[in-house]
file query.cif (mmCIF, C-alpha atoms)
data_model
#
loop_
_atom_site.group_PDB
_atom_site.id
_atom_site.type_symbol
_atom_site.label_atom_id
_atom_site.label_comp_id
_atom_site.auth_asym_id
_atom_site.auth_seq_id
_atom_site.Cartn_x
_atom_site.Cartn_y
_atom_site.Cartn_z
ATOM 1 C CA MET A 1 7.709 11.843 25.579
ATOM 2 C CA LYS A 2 5.581 14.775 24.511
ATOM 3 C CA ILE A 3 5.180 14.930 20.747
ATOM 4 C CA THR A 4 5.770 18.203 18.985
ATOM 5 C CA SER A 5 3.897 18.938 15.779
ATOM 6 C CA SER A 6 6.861 18.557 13.447
ATOM 7 C CA PHE A 7 7.986 16.097 10.853
ATOM 8 C CA LEU A 8 9.989 13.160 12.080
ATOM 9 C CA HIS A 9 13.321 12.419 10.457
ATOM 10 C CA THR A 10 16.364 10.300 11.107
ATOM 11 C CA LYS A 11 19.534 11.521 12.757
ATOM 12 C CA ARG A 12 22.268 8.905 12.850
ATOM 13 C CA ASP A 13 20.752 5.841 14.557
ATOM 14 C CA SER A 14 17.717 7.650 15.990
ATOM 15 C CA ILE A 15 14.402 9.117 14.914
ATOM 16 C CA VAL A 16 14.034 12.741 15.996
ATOM 17 C CA ASN A 17 11.490 15.528 15.721
ATOM 18 C CA GLY A 18 11.959 19.060 14.399
ATOM 19 C CA ARG A 19 13.717 20.109 17.602
ATOM 20 C CA ASN A 20 16.164 17.205 17.307
ATOM 21 C CA GLU A 21 14.581 15.476 20.299
ATOM 22 C CA LYS A 22 14.757 11.691 20.133
ATOM 23 C CA VAL A 23 11.370 10.069 19.546
ATOM 24 C CA ILE A 24 10.802 6.407 20.348
ATOM 25 C CA LEU A 25 7.826 5.143 18.351
ATOM 26 C CA ARG A 26 5.720 3.014 20.681
ATOM 27 C CA GLY A 27 2.437 1.801 19.343
ATOM 28 C CA LEU A 28 0.492 -0.924 17.655
ATOM 29 C CA ASN A 29 -0.747 -2.182 14.311
ATOM 30 C CA LEU A 30 -4.302 -1.587 13.156
ATOM 31 C CA GLY A 31 -4.163 -5.012 11.539
ATOM 32 C CA GLY A 32 -7.239 -6.573 9.973
ATOM 33 C CA TRP A 33 -8.918 -3.236 9.275
ATOM 34 C CA LEU A 34 -7.917 -1.990 5.819
ATOM 35 C CA MET A 35 -6.830 -5.478 4.831
ATOM 36 C CA MET A 36 -8.666 -8.461 6.258
ATOM 37 C CA GLU A 37 -6.434 -11.128 7.800
ATOM 38 C CA GLY A 38 -8.045 -14.368 8.858
ATOM 39 C CA TYR A 39 -6.169 -15.120 12.065
ATOM 40 C CA ILE A 40 -6.741 -11.598 13.373
ATOM 41 C CA LEU A 41 -10.465 -12.003 12.770
ATOM 42 C CA GLY A 42 -10.713 -15.536 14.153
ATOM 43 C CA GLY A 43 -11.227 -17.015 10.695
ATOM 44 C CA ARG A 44 -9.310 -19.024 8.106
ATOM 45 C CA ASN A 45 -6.017 -17.750 6.768
ATOM 46 C CA ILE A 46 -6.973 -17.144 3.162
ATOM 47 C CA PRO A 47 -6.270 -14.209 0.821
ATOM 48 C CA GLU A 48 -8.664 -11.301 1.249
ATOM 49 C CA LYS A 49 -9.512 -11.445 -2.453
ATOM 50 C CA GLU A 50 -10.564 -15.093 -2.088
ATOM 51 C CA PHE A 51 -12.878 -14.264 0.813
ATOM 52 C CA LYS A 52 -14.439 -11.367 -1.094
ATOM 53 C CA ARG A 53 -14.811 -13.412 -4.261
ATOM 54 C CA GLY A 54 -16.645 -16.113 -2.328
ATOM 55 C CA PHE A 55 -18.811 -13.541 -0.548
ATOM 56 C CA ALA A 56 -19.801 -11.862 -3.829
ATOM 57 C CA SER A 57 -20.525 -15.207 -5.447
ATOM 58 C CA ARG A 58 -22.927 -16.126 -2.661
ATOM 59 C CA PHE A 59 -24.524 -12.774 -1.821
ATOM 60 C CA GLY A 60 -23.767 -10.514 -4.788
ATOM 61 C CA LYS A 61 -21.412 -7.595 -5.433
ATOM 62 C CA LYS A 62 -23.823 -5.020 -4.039
ATOM 63 C CA GLU A 63 -24.017 -6.839 -0.723
ATOM 64 C CA LEU A 64 -20.226 -7.210 -0.651
ATOM 65 C CA LYS A 65 -19.845 -3.453 -1.040
ATOM 66 C CA ARG A 66 -22.350 -2.845 1.754
ATOM 67 C CA PHE A 67 -20.619 -5.354 4.019
ATOM 68 C CA SER A 68 -17.170 -3.863 3.298
ATOM 69 C CA CYS A 69 -18.351 -0.357 4.179
ATOM 70 C CA LEU A 70 -19.978 -1.529 7.399
ATOM 71 C CA TYR A 71 -16.872 -3.474 8.308
ATOM 72 C CA GLN A 72 -14.405 -0.660 7.661
ATOM 73 C CA ASP A 73 -16.601 1.935 9.370
ATOM 74 C CA ASN A 74 -16.897 -0.099 12.562
ATOM 75 C CA PHE A 75 -13.828 -2.331 12.967
ATOM 76 C CA VAL A 76 -11.716 0.710 13.909
ATOM 77 C CA THR A 77 -13.344 3.980 14.977
ATOM 78 C CA GLU A 78 -12.311 7.332 16.419
ATOM 79 C CA ALA A 79 -12.756 5.890 19.918
ATOM 80 C CA ASP A 80 -9.863 3.531 19.214
ATOM 81 C CA PHE A 81 -7.533 6.392 18.305
ATOM 82 C CA LYS A 82 -8.487 8.197 21.488
ATOM 83 C CA LEU A 83 -7.850 5.051 23.528
ATOM 84 C CA ILE A 84 -4.445 4.586 21.890
ATOM 85 C CA ALA A 85 -3.473 8.131 22.814
ATOM 86 C CA ASP A 86 -4.894 7.769 26.338
ATOM 87 C CA CYS A 87 -2.747 4.656 26.836
ATOM 88 C CA GLY A 88 0.352 6.756 26.232
ATOM 89 C CA LEU A 89 1.185 5.285 22.828
ATOM 90 C CA ASN A 90 2.412 7.591 20.100
ATOM 91 C CA CYS A 91 2.224 5.569 16.895
ATOM 92 C CA VAL A 92 0.002 3.333 14.779
ATOM 93 C CA ARG A 93 1.150 1.247 11.828
ATOM 94 C CA VAL A 94 -1.662 0.985 9.313
ATOM 95 C CA PRO A 95 -1.553 -2.096 7.051
ATOM 96 C CA PHE A 96 -3.591 -1.687 3.876
ATOM 97 C CA ASN A 97 -4.185 -3.694 0.730
ATOM 98 C CA HIS A 98 -3.374 -2.021 -2.579
ATOM 99 C CA ARG A 99 -6.929 -3.017 -3.555
ATOM 100 C CA LEU A 100 -8.201 -0.515 -1.003
ATOM 101 C CA LEU A 101 -7.135 2.103 -3.549
ATOM 102 C CA GLU A 102 -6.736 0.356 -6.898
ATOM 103 C CA GLU A 103 -8.448 -2.528 -8.651
ATOM 104 C CA ASP A 104 -6.561 -4.732 -11.116
ATOM 105 C CA GLU A 105 -8.959 -3.887 -13.911
ATOM 106 C CA ARG A 106 -8.557 -0.113 -13.340
ATOM 107 C CA SER A 107 -4.812 0.424 -12.996
ATOM 108 C CA TYR A 108 -3.671 3.847 -11.756
ATOM 109 C CA LYS A 109 -7.277 4.851 -11.012
ATOM 110 C CA TYR A 110 -7.516 5.407 -7.277
ATOM 111 C CA LYS A 111 -10.817 4.878 -5.496
ATOM 112 C CA LYS A 112 -12.372 7.710 -3.504
ATOM 113 C CA GLU A 113 -13.848 5.294 -0.981
ATOM 114 C CA GLY A 114 -10.401 3.854 -0.230
ATOM 115 C CA ILE A 115 -8.732 7.248 -0.069
ATOM 116 C CA TYR A 116 -11.392 8.234 2.464
ATOM 117 C CA TYR A 117 -10.082 5.709 4.998
ATOM 118 C CA LEU A 118 -6.430 6.719 4.671
ATOM 119 C CA ASP A 119 -7.504 10.358 4.989
ATOM 120 C CA LYS A 120 -9.442 9.364 8.108
ATOM 121 C CA VAL A 121 -6.326 7.788 9.632
ATOM 122 C CA VAL A 122 -4.246 10.893 8.987
ATOM 123 C CA ARG A 123 -6.959 13.218 10.281
ATOM 124 C CA LEU A 124 -7.435 11.263 13.521
ATOM 125 C CA CYS A 125 -3.707 10.935 14.105
ATOM 126 C CA ASP A 126 -3.401 14.687 13.789
ATOM 127 C CA LYS A 127 -6.337 15.188 16.158
ATOM 128 C CA TYR A 128 -4.923 12.887 18.856
ATOM 129 C CA LYS A 129 -1.277 13.753 18.206
ATOM 130 C CA ILE A 130 -0.061 10.289 17.363
ATOM 131 C CA TYR A 131 2.045 9.304 14.384
ATOM 132 C CA CYS A 132 1.000 6.876 11.673
ATOM 133 C CA ILE A 133 3.065 4.666 9.400
ATOM 134 C CA LEU A 134 1.308 3.816 6.151
ATOM 135 C CA ASP A 135 2.126 0.179 5.413
ATOM 136 C CA LEU A 136 1.507 -1.282 1.945
ATOM 137 C CA HIS A 137 0.711 -4.748 3.251
ATOM 138 C CA ALA A 138 -0.323 -6.315 -0.057
ATOM 139 C CA VAL A 139 1.493 -4.981 -3.109
ATOM 140 C CA GLN A 140 0.218 -5.344 -6.664
ATOM 141 C CA GLY A 141 1.048 -8.908 -7.734
ATOM 142 C CA SER A 142 2.015 -9.837 -4.135
ATOM 143 C CA GLN A 143 5.500 -9.467 -2.659
ATOM 144 C CA ASN A 144 5.527 -12.970 -1.163
ATOM 145 C CA GLU A 145 3.576 -16.195 -1.693
ATOM 146 C CA ASP A 146 1.565 -16.040 1.525
ATOM 147 C CA TRP A 147 -2.090 -15.274 2.087
ATOM 148 C CA HIS A 148 -1.233 -12.157 4.128
ATOM 149 C CA SER A 149 0.049 -10.468 0.955
ATOM 150 C CA ASP A 150 -3.284 -11.337 -0.661
ATOM 151 C CA SER A 151 -1.445 -13.948 -2.716
ATOM 152 C CA SER A 152 -2.706 -17.190 -4.202
ATOM 153 C CA ALA A 153 0.708 -18.818 -3.681
ATOM 154 C CA LYS A 154 2.546 -16.725 -6.290
ATOM 155 C CA ALA A 155 4.654 -13.581 -5.899
ATOM 156 C CA TRP A 156 4.073 -12.061 -9.313
ATOM 157 C CA LEU A 157 5.465 -8.681 -8.244
ATOM 158 C CA TRP A 158 8.978 -9.935 -8.927
ATOM 159 C CA ARG A 159 8.093 -11.424 -12.316
ATOM 160 C CA ARG A 160 6.057 -8.708 -14.009
ATOM 161 C CA ASN A 161 7.260 -5.170 -14.504
ATOM 162 C CA GLU A 162 3.689 -3.903 -14.829
ATOM 163 C CA TYR A 163 3.021 -4.745 -11.179
ATOM 164 C CA GLN A 164 6.183 -2.892 -10.173
ATOM 165 C CA LYS A 165 5.153 0.160 -12.217
ATOM 166 C CA ARG A 166 1.765 0.142 -10.490
ATOM 167 C CA CYS A 167 3.513 -0.028 -7.112
ATOM 168 C CA LEU A 168 5.555 3.039 -8.066
ATOM 169 C CA GLY A 169 2.430 4.851 -9.210
ATOM 170 C CA LEU A 170 0.587 4.096 -5.990
ATOM 171 C CA TRP A 171 3.436 5.337 -3.805
ATOM 172 C CA GLU A 172 3.755 8.511 -5.867
ATOM 173 C CA PHE A 173 0.052 9.155 -5.340
ATOM 174 C CA ILE A 174 0.197 8.465 -1.579
ATOM 175 C CA ALA A 175 3.376 10.473 -0.979
ATOM 176 C CA ASP A 176 2.047 13.439 -2.933
ATOM 177 C CA ARG A 177 -1.245 13.354 -1.031
ATOM 178 C CA TYR A 178 0.323 13.275 2.454
ATOM 179 C CA LYS A 179 3.583 15.143 1.877
ATOM 180 C CA ASP A 180 2.517 18.029 4.108
ATOM 181 C CA GLU A 181 1.116 15.936 6.979
ATOM 182 C CA PRO A 182 3.422 16.087 10.045
ATOM 183 C CA TYR A 183 1.746 13.204 11.876
ATOM 184 C CA VAL A 184 2.500 10.820 9.057
ATOM 185 C CA ALA A 185 5.735 9.330 10.385
ATOM 186 C CA GLY A 186 6.501 7.776 7.032
ATOM 187 C CA TYR A 187 5.929 5.119 4.426
ATOM 188 C CA ASP A 188 6.483 1.386 4.901
ATOM 189 C CA ILE A 189 7.128 0.483 1.257
ATOM 190 C CA MET A 190 6.057 -3.146 1.496
ATOM 191 C CA ASN A 191 5.326 -5.701 4.166
ATOM 192 C CA GLU A 192 7.554 -8.780 4.437
ATOM 193 C CA PRO A 193 9.048 -9.140 0.952
ATOM 194 C CA VAL A 194 10.421 -12.586 0.123
ATOM 195 C CA ASN A 195 12.801 -13.363 -2.715
ATOM 196 C CA LYS A 196 15.750 -15.739 -3.087
ATOM 197 C CA ASP A 197 17.444 -12.951 -5.037
ATOM 198 C CA PRO A 198 17.444 -9.949 -2.667
ATOM 199 C CA SER A 199 18.874 -7.708 -5.382
ATOM 200 C CA LEU A 200 15.390 -7.660 -6.938
ATOM 201 C CA ILE A 201 13.972 -6.243 -3.702
ATOM 202 C CA LEU A 202 16.821 -3.741 -3.409
ATOM 203 C CA ASN A 203 16.317 -2.493 -6.957
ATOM 204 C CA LEU A 204 12.582 -1.998 -6.447
ATOM 205 C CA TYR A 205 13.199 -0.256 -3.122
ATOM 206 C CA LYS A 206 15.531 2.184 -4.873
ATOM 207 C CA ARG A 207 12.924 2.877 -7.548
ATOM 208 C CA VAL A 208 10.194 3.457 -4.957
ATOM 209 C CA ILE A 209 12.416 5.779 -2.918
ATOM 210 C CA LYS A 210 13.266 7.794 -6.029
ATOM 211 C CA THR A 211 9.573 8.020 -6.875
ATOM 212 C CA ILE A 212 8.595 9.124 -3.371
ATOM 213 C CA ARG A 213 11.393 11.698 -3.218
ATOM 214 C CA SER A 214 10.204 13.223 -6.488
ATOM 215 C CA VAL A 215 7.155 14.531 -4.599
ATOM 216 C CA ASP A 216 8.007 14.213 -0.877
ATOM 217 C CA GLU A 217 11.404 14.829 0.699
ATOM 218 C CA LYS A 218 10.096 15.134 4.260
ATOM 219 C CA HIS A 219 8.889 11.727 5.378
ATOM 220 C CA ILE A 220 10.820 8.707 6.595
ATOM 221 C CA VAL A 221 10.939 5.626 4.391
ATOM 222 C CA PHE A 222 10.701 2.294 6.227
ATOM 223 C CA LEU A 223 12.525 -0.561 4.489
ATOM 224 C CA GLU A 224 11.672 -4.080 5.626
ATOM 225 C CA GLY A 225 14.177 -6.894 5.481
ATOM 226 C CA ASN A 226 13.973 -9.857 3.126
ATOM 227 C CA MET A 227 12.505 -13.201 4.223
ATOM 228 C CA TRP A 228 9.531 -11.805 6.118
ATOM 229 C CA ALA A 229 11.439 -8.758 7.430
ATOM 230 C CA GLN A 230 14.276 -10.789 8.917
ATOM 231 C CA GLU A 231 17.354 -10.315 6.715
ATOM 232 C CA LEU A 232 18.928 -6.863 6.385
ATOM 233 C CA ASP A 233 22.305 -7.595 4.803
ATOM 234 C CA PHE A 234 21.162 -6.787 1.257
ATOM 235 C CA LEU A 235 20.229 -3.255 2.376
ATOM 236 C CA ARG A 236 23.414 -2.398 4.200
ATOM 237 C CA ARG A 237 25.505 0.314 2.510
ATOM 238 C CA ASN A 238 23.248 0.070 -0.550
ATOM 239 C CA ILE A 239 20.721 2.839 0.188
ATOM 240 C CA THR A 240 21.829 6.435 -0.372
ATOM 241 C CA ASP A 241 18.679 8.153 0.927
ATOM 242 C CA ASN A 242 19.284 10.220 4.081
ATOM 243 C CA ASN A 243 15.918 9.652 5.750
ATOM 244 C CA PHE A 244 15.183 5.937 6.047
ATOM 245 C CA VAL A 245 15.147 3.214 8.660
ATOM 246 C CA TYR A 246 15.559 -0.541 8.626
ATOM 247 C CA SER A 247 12.409 -2.387 9.680
ATOM 248 C CA ILE A 248 12.205 -5.895 11.126
ATOM 249 C CA HIS A 249 9.509 -8.189 12.510
ATOM 250 C CA PHE A 250 10.075 -10.323 15.579
ATOM 251 C CA TYR A 251 8.139 -13.533 16.148
ATOM 252 C CA VAL A 252 10.677 -15.971 17.576
ATOM 253 C CA PRO A 253 10.355 -18.771 18.284
ATOM 254 C CA LEU A 254 7.554 -19.221 15.750
ATOM 255 C CA GLU A 255 6.377 -22.495 17.256
ATOM 256 C CA PHE A 256 5.504 -20.564 20.412
ATOM 257 C CA THR A 257 4.362 -17.167 19.130
ATOM 258 C CA PHE A 258 2.033 -18.697 16.550
ATOM 259 C CA ASN A 259 0.955 -21.672 18.652
ATOM 260 C CA PHE A 260 2.131 -24.218 16.095
ATOM 261 C CA SER A 261 2.452 -26.751 18.902
ATOM 262 C CA VAL A 262 0.030 -27.019 21.809
ATOM 263 C CA GLY A 263 1.363 -26.821 25.351
ATOM 264 C CA LEU A 264 4.671 -25.054 24.782
ATOM 265 C CA ILE A 265 5.998 -23.203 27.810
ATOM 266 C CA TYR A 266 8.140 -20.075 27.897
ATOM 267 C CA PRO A 267 10.754 -19.970 29.326
ATOM 268 C CA GLY A 268 11.379 -23.554 28.303
ATOM 269 C CA LYS A 269 12.483 -25.907 25.589
ATOM 270 C CA ILE A 270 10.847 -25.019 22.303
ATOM 271 C CA GLY A 271 11.935 -27.071 19.325
ATOM 272 C CA ARG A 272 15.555 -28.053 19.838
ATOM 273 C CA ARG A 273 16.456 -25.021 21.907
ATOM 274 C CA TYR A 274 15.835 -23.665 25.376
ATOM 275 C CA TRP A 275 14.242 -20.230 25.057
ATOM 276 C CA SER A 276 14.500 -17.553 27.740
ATOM 277 C CA LYS A 277 15.047 -13.814 27.962
ATOM 278 C CA SER A 278 18.766 -14.265 27.326
ATOM 279 C CA THR A 279 18.030 -16.350 24.210
ATOM 280 C CA LEU A 280 15.725 -13.656 22.845
ATOM 281 C CA LYS A 281 18.300 -10.985 23.642
ATOM 282 C CA ASN A 282 20.977 -12.842 21.698
ATOM 283 C CA VAL A 283 18.725 -12.940 18.634
ATOM 284 C CA LEU A 284 17.957 -9.213 18.876
ATOM 285 C CA LEU A 285 21.581 -8.329 19.605
ATOM 286 C CA ARG A 286 22.428 -8.965 15.946
ATOM 287 C CA TYR A 287 20.055 -6.207 14.885
ATOM 288 C CA TYR A 288 21.277 -3.843 17.584
ATOM 289 C CA ARG A 289 24.834 -4.248 16.330
ATOM 290 C CA ILE A 290 23.699 -3.490 12.766
ATOM 291 C CA LYS A 291 21.955 -0.365 14.019
ATOM 292 C CA LYS A 292 25.092 0.895 15.764
ATOM 293 C CA LYS A 293 27.535 -0.082 13.021
ATOM 294 C CA ASP A 294 25.470 1.308 10.142
ATOM 295 C CA ASP A 295 24.236 4.306 12.152
ATOM 296 C CA ILE A 296 20.695 3.625 10.925
ATOM 297 C CA PRO A 297 17.590 3.362 13.154
ATOM 298 C CA ILE A 298 15.819 0.018 13.352
ATOM 299 C CA TYR A 299 12.054 -0.067 13.776
ATOM 300 C CA VAL A 300 10.276 -3.240 14.894
ATOM 301 C CA GLY A 301 7.101 -3.035 12.843
ATOM 302 C CA GLU A 302 5.561 -6.240 14.175
ATOM 303 C CA PHE A 303 6.075 -8.491 17.165
ATOM 304 C CA GLY A 304 3.891 -10.430 19.565
ATOM 305 C CA GLN A 305 1.917 -13.623 19.874
ATOM 306 C CA ASN A 306 -1.077 -15.145 18.224
ATOM 307 C CA SER A 307 -2.553 -15.563 21.664
ATOM 308 C CA HIS A 308 -5.207 -18.122 22.506
ATOM 309 C CA CYS A 309 -6.011 -16.437 25.802
ATOM 310 C CA MET A 310 -5.106 -12.930 26.918
ATOM 311 C CA HIS A 311 -4.825 -14.125 30.508
ATOM 312 C CA TYR A 312 -2.419 -16.987 29.885
ATOM 313 C CA PRO A 313 0.730 -16.117 31.918
ATOM 314 C CA LYS A 314 3.259 -17.929 29.690
ATOM 315 C CA GLU A 315 2.485 -15.498 26.887
ATOM 316 C CA PHE A 316 2.678 -12.413 29.073
ATOM 317 C CA GLN A 317 6.191 -13.407 30.169
ATOM 318 C CA TRP A 318 7.430 -13.587 26.566
ATOM 319 C CA LEU A 319 5.957 -10.153 25.859
ATOM 320 C CA LYS A 320 7.378 -8.678 29.062
ATOM 321 C CA ASP A 321 10.858 -9.957 28.258
ATOM 322 C CA VAL A 322 10.778 -8.694 24.673
ATOM 323 C CA LEU A 323 9.637 -5.210 25.701
ATOM 324 C CA GLU A 324 12.408 -5.017 28.316
ATOM 325 C CA ILE A 325 14.988 -5.948 25.677
ATOM 326 C CA PHE A 326 13.624 -3.331 23.284
ATOM 327 C CA ARG A 327 13.976 -0.670 25.964
ATOM 328 C CA GLU A 328 17.524 -1.779 26.727
ATOM 329 C CA PHE A 329 18.458 -1.451 23.050
ATOM 330 C CA GLU A 330 16.903 1.989 22.509
#
call {"tool": "encode", "arguments": {"input": "query.cif", "output": "structure tokens"}}
result
Amino acid sequence: MKITSSFLHTKRDSIVNGRNEKVILRGLNLGGWLMMEGYILGGRNIPEKEFKRGFASRFGKKELKRFSCLYQDNFVTEADFKLIADCGLNCVRVPFNHRLLEEDERSYKYKKEGIYYLDKVVRLCDKYKIYCILDLHAVQGSQNEDWHSDSSAKAWLWRRNEYQKRCLGLWEFIADRYKDEPYVAGYDIMNEPVNKDPSLILNLYKRVIKTIRSVDEKHIVFLEGNMWAQELDFLRRNITDNNFVYSIHFYVPLEFTFNFSVGLIYPGKIGRRYWSKSTLKNVLLRYYRIKKKDDIPIYVGEFGQNSHCMHYPKEFQWLKDVLEIFREFE
């Protein structure tokens, strides 16, 4: 579908442009760029801050800064945005660490060098007419206990109000900066929150939405489910904003998509269950029914496989089946 230069917004269970034409966001994540993730880079799965601390300890802070600049300038370049557009995709989700913009010791002071890279994303998306979703992948204090939230096994975000206030401040800054950018599709408030008490996530979501809307009423807000973007029940009928979507991630079965066990075959028995296209469809059907009943769009922000070999046919079949199901549920 040709993209018109207008702000996206929601209309019932769809995302539409300024002419009320339905827009299906098809794209990819620029993972590993503005937040380093070990498995994406072929390394160990450790928090980014731990890697950088070790690097600085061995080579010095000056060398770490030089390395970080070289890395961010070259891991993703303008050529990649052009290729994405040439492939017919219309969207990129951009995961970033809050430390790209704000250091713990300088709260609410946003770094020019970090802002430069988000500005670069927005500028290149405008140039190549593709939308971007700005994804706060690692929130201040960490929103789950996993390394991919830059956590050292604690989710302090839910325990300390100061971290939540800093999250609000960061989103106010970002929303105010990009409020007039039509190729910003919207703001993914936080990646994969995890809390046994989902009301804590809901309450923070409401506070972030209120903060964003104080400066930006145009852009879509993407709200990820609890338990690594899986559970949506706590959101249903509890959000009063008129321009938001539910967001989920799809990596089932995990044993296969993350290669936890060697030699698994798809379609085939994985764990205690036989997995095939119909099995995957039944899992996704639950979300489709939520979309239709709540009249709210659902965006799949992440899916795929931690592939060992891009030419391995068992993995292509899983991907082919999932994409066909997505199209069926549009």
call {"tool": "resolve_selection", "arguments": {"input": "query.cif", "expression": "the PyMOL selection byres ((chain A and resi 212) around 10)", "output": "PyMOL selection string"}}
result
chain A and resi 168-176+179+187+189+206-211+213-219+221
call {"tool": "resolve_selection", "arguments": {"input": "query.cif", "expression": "the PyMOL selection byres ((chain A and resi 278-292) around 8)", "output": "number ranges by chain"}}
result
A: 13, 252, 274-277, 293-298, 322, 325, 329
call {"tool": "resolve_selection", "arguments": {"input": "query.cif", "expression": "the PyMOL selection byres ((chain A and resi 127) around 12)", "output": "mmCIF file with C-alpha atoms, in the coordinates of the input"}}
result
data_model
loop_
_atom_site.group_PDB
_atom_site.id
_atom_site.type_symbol
_atom_site.label_atom_id
_atom_site.label_comp_id
_atom_site.auth_asym_id
_atom_site.auth_seq_id
_atom_site.Cartn_x
_atom_site.Cartn_y
_atom_site.Cartn_z
ATOM 1 C CA SER A 5 3.897 18.938 15.779
ATOM 2 C CA GLU A 78 -12.311 7.332 16.419
ATOM 3 C CA ALA A 79 -12.756 5.890 19.918
ATOM 4 C CA PHE A 81 -7.533 6.392 18.305
ATOM 5 C CA LYS A 82 -8.487 8.197 21.488
ATOM 6 C CA ALA A 85 -3.473 8.131 22.814
ATOM 7 C CA LYS A 120 -9.442 9.364 8.108
ATOM 8 C CA VAL A 121 -6.326 7.788 9.632
ATOM 9 C CA VAL A 122 -4.246 10.893 8.987
ATOM 10 C CA ARG A 123 -6.959 13.218 10.281
ATOM 11 C CA LEU A 124 -7.435 11.263 13.521
ATOM 12 C CA CYS A 125 -3.707 10.935 14.105
ATOM 13 C CA ASP A 126 -3.401 14.687 13.789
ATOM 14 C CA TYR A 128 -4.923 12.887 18.856
ATOM 15 C CA LYS A 129 -1.277 13.753 18.206
ATOM 16 C CA ILE A 130 -0.061 10.289 17.363
ATOM 17 C CA TYR A 131 2.045 9.304 14.384
ATOM 18 C CA CYS A 132 1.000 6.876 11.673
ATOM 19 C CA GLU A 181 1.116 15.936 6.979
ATOM 20 C CA PRO A 182 3.422 16.087 10.045
ATOM 21 C CA TYR A 183 1.746 13.204 11.876
#
call {"tool": "axis_aligned_box", "arguments": {"input": "query.cif", "around": "region 290-298 of chain A", "padding_each_side": "3 Å", "output": "lines of an AutoDock Vina configuration file"}}
result
center_x = 21.7
center_y = 0.4
center_z = 13.0
size_x = 17.7
size_y = 13.8
size_z = 11.6
call {"tool": "closest_residue", "arguments": {"input": "query.cif", "among": "A:Phe75, A:Tyr178, A:Phe96, A:Ser57", "to": "Leu41 (chain A)", "atoms": "only C-alpha atoms"}}
result
A:Phe75
call {"tool": "residues_around", "arguments": {"input": "query.cif", "residues": "region 22-25 of chain A", "least_positions_apart": "6", "cutoff": "10 Å", "atoms": "all atoms listed in the file", "output": "list in words"}}
result
Met1, Lys2, Ile3, Thr4, Leu8, His9, Thr10, Lys11, Ser14, Ile15, Val16, Leu89, Asn90, Cys91, Val92, Ile130, Tyr131, Cys132, Ala185, Tyr299, Val300, Gly301, Arg327 and Glu330 of chain A
call {"tool": "residues_around", "arguments": {"input": "query.cif", "residues": "Phe250 (chain A)", "least_positions_apart": "3", "cutoff": "12 Å", "atoms": "only C-alpha atoms", "output": "VMD selection string"}}
result
chain A and resid 192 224 to 225 227 to 231 247 253 to 254 257 to 258 280 to 281 283 to 284 287 299 to 305 318 to 319 322 to 323 326
call {"tool": "atom_distance", "arguments": {"input": "query.cif", "atom1": "CA of Asn17 (chain A)", "atom2": "CA of Ile220 (chain A)"}}
result
11.4 Å
call {"tool": "closest_residue", "arguments": {"input": "query.cif", "among": "A:Asn191, A:Asn45, A:Gln72, A:Asn226", "to": "Trp147 (chain A)", "atoms": "all atoms listed in the file"}}
result
A:Asn45
call {"tool": "atom_distance", "arguments": {"input": "query.cif", "atom1": "CA of Ser142 (chain A)", "atom2": "CA of Trp156 (chain A)"}}
result
6.0 Å
call {"tool": "atom_distance", "arguments": {"input": "query.cif", "atom1": "CA of Tyr71 (chain A)", "atom2": "CA of Phe55 (chain A)"}}
result
13.5 Å
call {"tool": "residues_around", "arguments": {"input": "query.cif", "residues": "region 61-69 of chain A", "least_positions_apart": "2", "cutoff": "12 Å", "atoms": "only C-alpha atoms", "output": "JSON, numbers by chain"}}
result
{"A": [33, 34, 35, 36, 48, 49, 51, 52, 53, 54, 55, 56, 57, 58, 59, 71, 72, 73, 74, 75, 76, 100, 113, 114, 116, 117]}
call {"tool": "closest_residue", "arguments": {"input": "query.cif", "among": "A:Leu204, A:Leu157, A:Ile46, A:Leu136", "to": "Arg93 (chain A)", "atoms": "all atoms listed in the file"}}
result
A:Leu136
call {"tool": "residues_around", "arguments": {"input": "query.cif", "residues": "region 198-201 of chain A", "least_positions_apart": "4", "cutoff": "9 Å", "atoms": "all atoms listed in the file", "output": "VMD selection string"}}
result
chain A and resid 158 193 to 194 205 to 206 226 234 to 235
call {"tool": "closest_residue", "arguments": {"input": "query.cif", "among": "A:Gly42, A:Gly18, A:Gly141, A:Gly263", "to": "Glu103 (chain A)", "atoms": "all atoms listed in the file"}}
result
A:Gly141
call {"tool": "closest_residue", "arguments": {"input": "query.cif", "among": "A:Arg166, A:Asp188, A:Asn195, A:Leu83", "to": "Lys154 (chain A)", "atoms": "only C-alpha atoms"}}
result
A:Asn195
